[in-house]
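*Asks:* One structure, as structure tokens, below. Some questions next.
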Protein chains: 2
Amino acid sequence: MASSAQRAGGADKRRMILDAAVVAFATRGFHACRVSDIADQANVAYGLVYHYFRSKDEVLDTLFLERWNVLLEVIAEIDGHPLPAREKLHAIASFIIDSYRHDPDLMKVIIVEVTRAANSFGRTHLAKIREAYELIADIVGKAQADGSFRSEVTPTFAALAFYGAIEQVLTGWIFDTLPQGEAEFDQAKAFIVETICGGLDANRPSTRPV
Amino acid sequence: MASSAQRAGGADKRRMILDAAVVAFATRGFHACRVSDIADQANVAYGLVYHYFRSKDEVLDTLFLERWNVLLEVIAEIDGHPLPAREKLHAIASFIIDSYRHDPDLMKVIIVEVTRAANSFGRTHLAKIREAYELIADIVGKAQADGSFRSEVTPTFAALAFYGAIEQVLTGWIFDTLPQGEAEFDQAKAFIVETICGGLDANRPSTRPV
DNA sequence: ATTTGCGTTGACTGACCAGTCAATCCGCCC
DNA sequence: GGGCGGATTGACTGGTCAGTCAACGCAAAT
């Protein structure tokens with residue numbers, strides 16, 4: 001009963017179902033994915049899914065909340081460090097992109113089925129999603145207050161633009177519209193931050209003075 | 001038979017169905033919306049929808065393509081004018097945001113059900129959607145070539161960031177996460193362009209020298 | 001050895017809905 | 001005024017699944 005899950009024993013069937021759901025949702029999409037697909041993928045009987053979860057929705061719910069709460073904690077923690085705002089944003093972009101690098105299926109599900117699906121499903125989680133924007137907006141707001149960011153733009157809009165850029169890039173990878181790979185991941189982090197913080201216009205120092 | 005649709009006569013039932021579908025899709029979402037909802041909304045018999053369209057999908061298809069093609073033409077046309085890149089981007093943001101202002105339901109459907117639904121539905125239209133990114137990337141690329149934009153960032157990423165920011169803001173309005181109104185619409189155009197072109201970092205002229 | 005009860009199974013049900021189709025309507029032409 | 005053909009109608013069918021539930025397995029408790 002201990003830890004290493006002898007065979008597939010009494011251990012965490014619940015976890016197995018969640019992991020299977022990630023694969024199933026990522027492969028067929030939440031709507032097209034039948035509960036039996038999850039059960040098959042988990043090597044578990046159909047009914048067991050309903051032993052651990054009230055509904056198919058609750059499975060997705062659980063996956064999303066598990067991960068999104070981590071994101072919120074990480075952002076808060078990054079903000080706690082005494083870093084320049086630009087580096088905080090880089091750290092956030094890094095975390096999100098590395099999340100995708102580490103578990104593309106999970107990120108695909110979260111983004112495609114929740115974050116970008118504010119209709120059908122994500123509606124329930126709008127508030128939770130918004131928390132992330134607000135944490136980012138906070139970072140921008142404080143940077144504006146201390147003068148390291150300009151104040152031409154509302155923190156809210158800056159946060160939306162920043163997060164929107166990240167999501168758009170992830171979506172590109174998810175649907176193979178954009179080449180991906182180790183190099184691209186790190187490049188993307190830098191480009192996103194550079195676009196949002198440095199801007200595209202030419203009249204400015206190409207590198208910030210130290 | 002002529003033009004002004006005597007009663008609801010022989011005129012464009014097809015158009016009526018499309019318009020009804022916009023309302024139905026916007027209200028209940030594509031998946032939750034039944035074909036009978038469209039027919040009811042259009043005051044038309046169920047079967048007539050299938051007289052004009054092969055499937056429910058084709059209705060959404062049609063709505064999307066009609067509008068997206070306009071967008072592509074407009075972007076191309078804007079690019080044709082001899083404007084600074086920054087103003088081209090502003091014009092594009094304006095067009096998209098004004099599209100929302102003019103017909104929020106249609107934009108909601110296009111964004112929520114197609115553009116942001118690259119899974120279930122939008123997959124068919126990935127290429128079409130990408131065309132828009134590429135047109136924008138072109139604008140950025142040319143501006144980099146003539147020196148008015150810096151070259152730190154790939155045109156592709158810049159385009160993604162720009163479009164992503166717009167979509168994120170629209171999504172905020174669509175789901176009432178962001179206050180909307182005449183003032184907000186124009187403000188948003190300016191903020192998006194200012195974020196992407198001007199950047200957030202402080203060390204630079206707050207206004208570009210003429 | 002027997003009981004107890006959670007974990008597990010998978011066949012089944014009820015609801016839902018996209019798409020079909022045979023019938024009707026109606027404007028127009030001969 | 002008869003009939004042709006596209007427009008229009010809506011009842012019906014077929015298939016799909018989410019969720020239920022009665023039964024079984026099995027480990028620990030007695």
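The way I read the labels, and the way they are meant: chains A, B, ... in the order of the structure tokens, residue 1 as the first residue of every chain, and ligand 1 as the first ligand shown, with later ones counted on from there.
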Taking only C-alpha atoms (C1' of nucleotides) into account, what are the residues of chain B at most 10 Å from chain D, put as a list in words?

*Replies:*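 That gives Gly10, Lys13, Val44, Ala45, Tyr46, Gly47, Leu48 and His51 of chain B for chain B.
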
*Asks:* DSSP on the backbone: what in segment 2-208 of chain B comes out alpha helix (DSSP H), as a PyMOL selection string?

*Replies:* chain B and resi 13-28+35-42+46-52+56-80+85-102+104-108+126-145+155-174+182-193

*Asks:* Pull out every residue of chain C that has at least one atom within 9 Å of chain A, counting only C-alpha atoms (C1' of nucleotides), and report them as a list of chain:residue names.

*Replies:*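 Residues passing the distance filter: C:DG7, C:DT8, C:DT9, C:DG10.
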
*Asks:* Go ahead and write the residues just picked, N, CA, C and O atoms (P, O5', C5', C4', C3', O3' and C1' of nucleotides), as a compact mmCIF listing (two decimals), in the first residue's frame.

*Replies:*
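That gives us result03.txt:
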# COMPACT_ATOMS: atom_id res chain seq x y z
P DG C 7 -12.62 3.85 -1.08
O5' DG C 7 -12.38 2.73 -2.20
C5' DG C 7 -11.39 1.73 -1.95
C4' DG C 7 -11.24 0.84 -3.16
C3' DG C 7 -11.21 1.56 -4.51
O3' DG C 7 -10.29 0.86 -5.33
C1' DG C 7 -13.07 0.07 -4.46
P DT C 8 -9.92 1.28 -6.76
O5' DT C 8 -10.95 0.46 -7.64
C5' DT C 8 -10.90 -0.96 -7.58
C4' DT C 8 -12.01 -1.56 -8.41
C3' DT C 8 -12.20 -0.93 -9.80
O3' DT C 8 -11.68 -1.83 -10.77
C1' DT C 8 -14.27 -1.49 -8.73
P DT C 9 -11.73 -1.53 -12.29
O5' DT C 9 -13.13 -2.17 -12.67
C5' DT C 9 -13.33 -3.55 -12.49
C4' DT C 9 -14.73 -3.94 -12.90
C3' DT C 9 -15.13 -3.46 -14.29
O3' DT C 9 -15.19 -4.56 -15.17
C1' DT C 9 -16.88 -3.14 -12.68
P DG C 10 -14.84 -4.33 -16.70
O5' DG C 10 -16.31 -4.13 -17.30
C5' DG C 10 -17.31 -5.08 -16.99
C4' DG C 10 -18.68 -4.56 -17.40
C3' DG C 10 -18.74 -3.82 -18.74
O3' DG C 10 -20.03 -4.02 -19.30
C1' DG C 10 -19.51 -2.41 -17.09

*Asks:* Give the residues of chain B that lie within 8 Å of chain A; count only C-alpha atoms, and format the answer as a PyMOL selection string.

*Replies:* chain B and resi 29+31-32+86+112+116-120+130+147-154+157-158+160-169+175+177+188+191-192+194-206+208

*Asks:* Between atom CA of Gln41 of chain A and atom CA of Asp19 of chain A, what is the distance, to one decimal in Å?

*Replies:*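 Atom-to-atom, atom CA of Gln41 of chain A to atom CA of Asp19 of chain A, that is 8.9 Å.
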
*Asks:* What's the separation between atom CA of Ala21 of chain A and atom CA of Phe53 of chain A, in Å to one decimal place?

*Replies:* 11.8 Å

*Asks:* Find the distance between atom CA of Ile96 of chain A and atom CA of Asp186 of chain A and write it in Å to one decimal.

*Replies:*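 One can read the atom CA of Ile96 of chain A to atom CA of Asp186 of chain A distance as 11.5 Å.
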
*Asks:* Considering only C-alpha atoms, can you say which of A:Ala39, A:Asn69, A:Pro84, A:Cys33 comes closest to Val109 of chain A?

*Replies:* A:Cys33

*Asks:* Compile the contact shell of Glu73 of chain A as a PyMOL selection string: residues with an atom at most 12 Å away, counting only C-alpha atoms (C1' of nucleotides), same-chain residues fewer than 5 positions apart removed.

*Replies:* chain A and resi 65-68+78-80+92+95+131-132+135
